[in-house]
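Structure first, commentary second.
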Amino acid sequence: MGRYFARLNKMVREHRKERTKRASALHDLEQATSALPEGVVSLDKTDHIEWCNPLAEQHLGLDSARDIGQQITYLVRQPEFVEYLAAKNFTDPLLLRGSRQGDLVLSCKLVGYSGNKKLLVTRDVTRFEHIETMRRDFVANVSHELLTPLTVVNGFVETMQDMASLENDMARRALPMMGEQTMRMTHLVEIADPSKLEDRLNVLKEEVLDVPKMLPGCYQVGLVLSAGQHQLKIEMLSESKLLGCAEELRSAFGNLISNSIRYTPPVVKL
């Protein structure tokens, strides 16, 4: 009989030791998740809260002592979050504005695990959203301010082109190029406006481009940029046309020519 009690006592001690070890591991896990820079909420298969870390409590206004077992949509009631949860398409995170902390902006991401359970991971992106807003406002303001001087310069160029007394050969060749370049800059400034950029990026505008007809204009621009300090020559090995955006291709050609002239030493004249 004493032998059986000894074995029973040993089993009890091992059970207590294992329970203590598991409790210690659980405590370490809770400490680790509490130190995460993101809020974490564990949801069961019916979207009831099983556990949350302190940062998730701050982000979502939760109370772990009170809200464990509650349906998450009873506590996070924004319609966009409810729709995000119901859609079950968690490829992209959800930006959640107007939370319980005024102007707080949260990035919410749902991650499935252990069958039908989910982790709701939240991150405070308010600062990044403010920076992005400032950037967009700055670009919009700069674009707006640049349009006025470009319009004025282009107006003077057009006026000078129409002058009957214009006799200088260089001026007659340079003014059309100046007008073309100011119009191009105006177009680039307009499309740089953030309010229009997203719409333009979503529209794929392609056309058949006659590249051989485009190159002489680029060549003339190169001559003006070089100002006689380089030898420029066009060699067209094909008359093929391309399918694309004329403005983007013209910009690419112009950048290549500009960089070539800028980084090529001038021709030494003997």
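The chains in the structure tokens are called A, B, ... from first to last as shown; in each chain the residues are counted from 1, and the ligands are counted from 1 in the order shown.
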**Message:** Using only C-alpha atoms, which protein or nucleic acid residues come within 7 Å of range 240-252 of chain A? Drop anything in the same chain fewer than 5 positions from it, and give the result as a list in words.
**Reply:** Lys205, Glu206, Glu207, Val208, Leu209, Asp210 and Val211 of chain A
Leaving out Phe90 in chain A and any residue of its chain fewer than 6 positions from it, which residues lie within 9 Å of it when counting only C-alpha atoms, given as a PDB file with all heavy atoms, in the first residue's frame?
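out.pdb, freshly written:
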ATOM      1  N   TYR A  84     -15.564  44.467 -43.146  1.00  0.00           N
ATOM      2  CA  TYR A  84     -14.255  43.826 -43.341  1.00  0.00           C
ATOM      3  C   TYR A  84     -14.249  42.437 -42.708  1.00  0.00           C
ATOM      4  O   TYR A  84     -13.766  41.463 -43.294  1.00  0.00           O
ATOM      5  CB  TYR A  84     -13.177  44.716 -42.725  1.00  0.00           C
ATOM      6  CG  TYR A  84     -11.765  44.187 -42.815  1.00  0.00           C
ATOM      7  CD1 TYR A  84     -11.120  44.056 -44.042  1.00  0.00           C
ATOM      8  CD2 TYR A  84     -11.057  43.844 -41.664  1.00  0.00           C
ATOM      9  CE1 TYR A  84      -9.819  43.597 -44.122  1.00  0.00           C
ATOM     10  CE2 TYR A  84      -9.761  43.384 -41.737  1.00  0.00           C
ATOM     11  CZ  TYR A  84      -9.142  43.261 -42.964  1.00  0.00           C
ATOM     12  OH  TYR A  84      -7.846  42.802 -43.040  1.00  0.00           O
ATOM     13  N   LYS A 109      -5.425  44.317 -39.299  1.00  0.00           N
ATOM     14  CA  LYS A 109      -5.149  43.151 -40.127  1.00  0.00           C
ATOM     15  C   LYS A 109      -5.633  41.903 -39.400  1.00  0.00           C
ATOM     16  O   LYS A 109      -5.331  41.702 -38.223  1.00  0.00           O
ATOM     17  CB  LYS A 109      -3.648  43.049 -40.391  1.00  0.00           C
ATOM     18  CG  LYS A 109      -3.208  41.826 -41.174  1.00  0.00           C
ATOM     19  CD  LYS A 109      -3.541  41.957 -42.638  1.00  0.00           C
ATOM     20  CE  LYS A 109      -2.952  40.795 -43.434  1.00  0.00           C
ATOM     21  NZ  LYS A 109      -3.338  40.867 -44.849  1.00  0.00           N
ATOM     22  N   LEU A 110      -6.404  41.075 -40.089  1.00  0.00           N
ATOM     23  CA  LEU A 110      -6.881  39.812 -39.531  1.00  0.00           C
ATOM     24  C   LEU A 110      -6.064  38.655 -40.094  1.00  0.00           C
ATOM     25  O   LEU A 110      -5.837  38.581 -41.310  1.00  0.00           O
ATOM     26  CB  LEU A 110      -8.362  39.613 -39.847  1.00  0.00           C
ATOM     27  CG  LEU A 110      -9.326  40.398 -38.934  1.00  0.00           C
ATOM     28  CD1 LEU A 110     -10.706  40.471 -39.557  1.00  0.00           C
ATOM     29  CD2 LEU A 110      -9.400  39.786 -37.551  1.00  0.00           C
ATOM     30  N   VAL A 111      -5.612  37.771 -39.207  1.00  0.00           N
ATOM     31  CA  VAL A 111      -4.780  36.633 -39.593  1.00  0.00           C
ATOM     32  C   VAL A 111      -5.423  35.363 -39.046  1.00  0.00           C
ATOM     33  O   VAL A 111      -5.669  35.266 -37.831  1.00  0.00           O
ATOM     34  CB  VAL A 111      -3.341  36.775 -39.043  1.00  0.00           C
ATOM     35  CG1 VAL A 111      -2.490  35.596 -39.497  1.00  0.00           C
ATOM     36  CG2 VAL A 111      -2.725  38.093 -39.482  1.00  0.00           C
ATOM     37  N   GLY A 112      -5.709  34.412 -39.923  1.00  0.00           N
ATOM     38  CA  GLY A 112      -6.296  33.163 -39.481  1.00  0.00           C
ATOM     39  C   GLY A 112      -5.267  32.227 -38.865  1.00  0.00           C
ATOM     40  O   GLY A 112      -4.099  32.216 -39.262  1.00  0.00           O
TER      41      GLY A 112
END
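Comparing the minimum interatomic distances between Lys88 in chain A and each of A:Ala56, A:Val125, A:Ala227, A:Lys118, counting only C-alpha atoms, we find that A:Lys118 sits nearest.
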Quick one: which range 110-182 of chain A residues come within 9 Å of range 35-45 of chain A, and what is the nearest atom pair for each with the distance in Å to one decimal, counting only C-alpha atoms, rows ordered by chain and ascending number, as JSON lines?
{"residue": "A:Gly115", "atom": "CA", "partner": "A:Lys45", "partner_atom": "CA", "distance": 8.1}
{"residue": "A:Asn116", "atom": "CA", "partner": "A:Lys45", "partner_atom": "CA", "distance": 4.8}
{"residue": "A:Lys117", "atom": "CA", "partner": "A:Asp44", "partner_atom": "CA", "distance": 4.7}
{"residue": "A:Lys118", "atom": "CA", "partner": "A:Leu43", "partner_atom": "CA", "distance": 5.2}
{"residue": "A:Leu119", "atom": "CA", "partner": "A:Ser42", "partner_atom": "CA", "distance": 4.7}
{"residue": "A:Leu120", "atom": "CA", "partner": "A:Val41", "partner_atom": "CA", "distance": 4.9}
{"residue": "A:Val121", "atom": "CA", "partner": "A:Val40", "partner_atom": "CA", "distance": 4.7}
{"residue": "A:Thr122", "atom": "CA", "partner": "A:Gly39", "partner_atom": "CA", "distance": 4.8}
{"residue": "A:Arg123", "atom": "CA", "partner": "A:Glu38", "partner_atom": "CA", "distance": 5.0}
{"residue": "A:Asp124", "atom": "CA", "partner": "A:Glu38", "partner_atom": "CA", "distance": 7.7}
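Using only C-alpha atoms, the shortest contact distance between Gln229 in chain A and any of A:Met214, A:Phe81, A:Asn259, A:Pro266 is found at A:Pro266.
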**Prompt:** Among range 34-176 of chain A, which residues carry a DSSP assignment of strand (DSSP E or B), reported as a ChimeraX atom specification?
**Reply:** /A:39-43,48-52,71,94-96,106-113,117-124
**Request:** Report the distance between CA of Gln71 in chain A and CA of Ile49 in chain A in Å, rounded to one decimal place.
**Result:** 6.3 Å
**Message:** Between CA of Ser64 in chain A and CA of Cys52 in chain A, what is the distance in Å, rounded to a tenth?
**Reply:**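 Interatomic distance, CA of Ser64 in chain A to CA of Cys52 in chain A: 6.5 Å.
The smallest atom-to-atom distance between Leu256 in chain A and any of A:Ala65, A:Leu215, A:Met236, A:Val76, using only C-alpha atoms, is found for A:Leu215.
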**Request:** Considering only C-alpha atoms, state which residue in the set A:Ala174, A:Asn255, A:Val267, A:Pro93 is at the smallest distance from Leu223 in chain A.
**Result:** A:Ala174
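When only C-alpha atoms are used to measure the gap to Val142 in chain A, the shortest distance among A:Val82, A:Ser114, A:Val189, A:Thr264 belongs to A:Val189.
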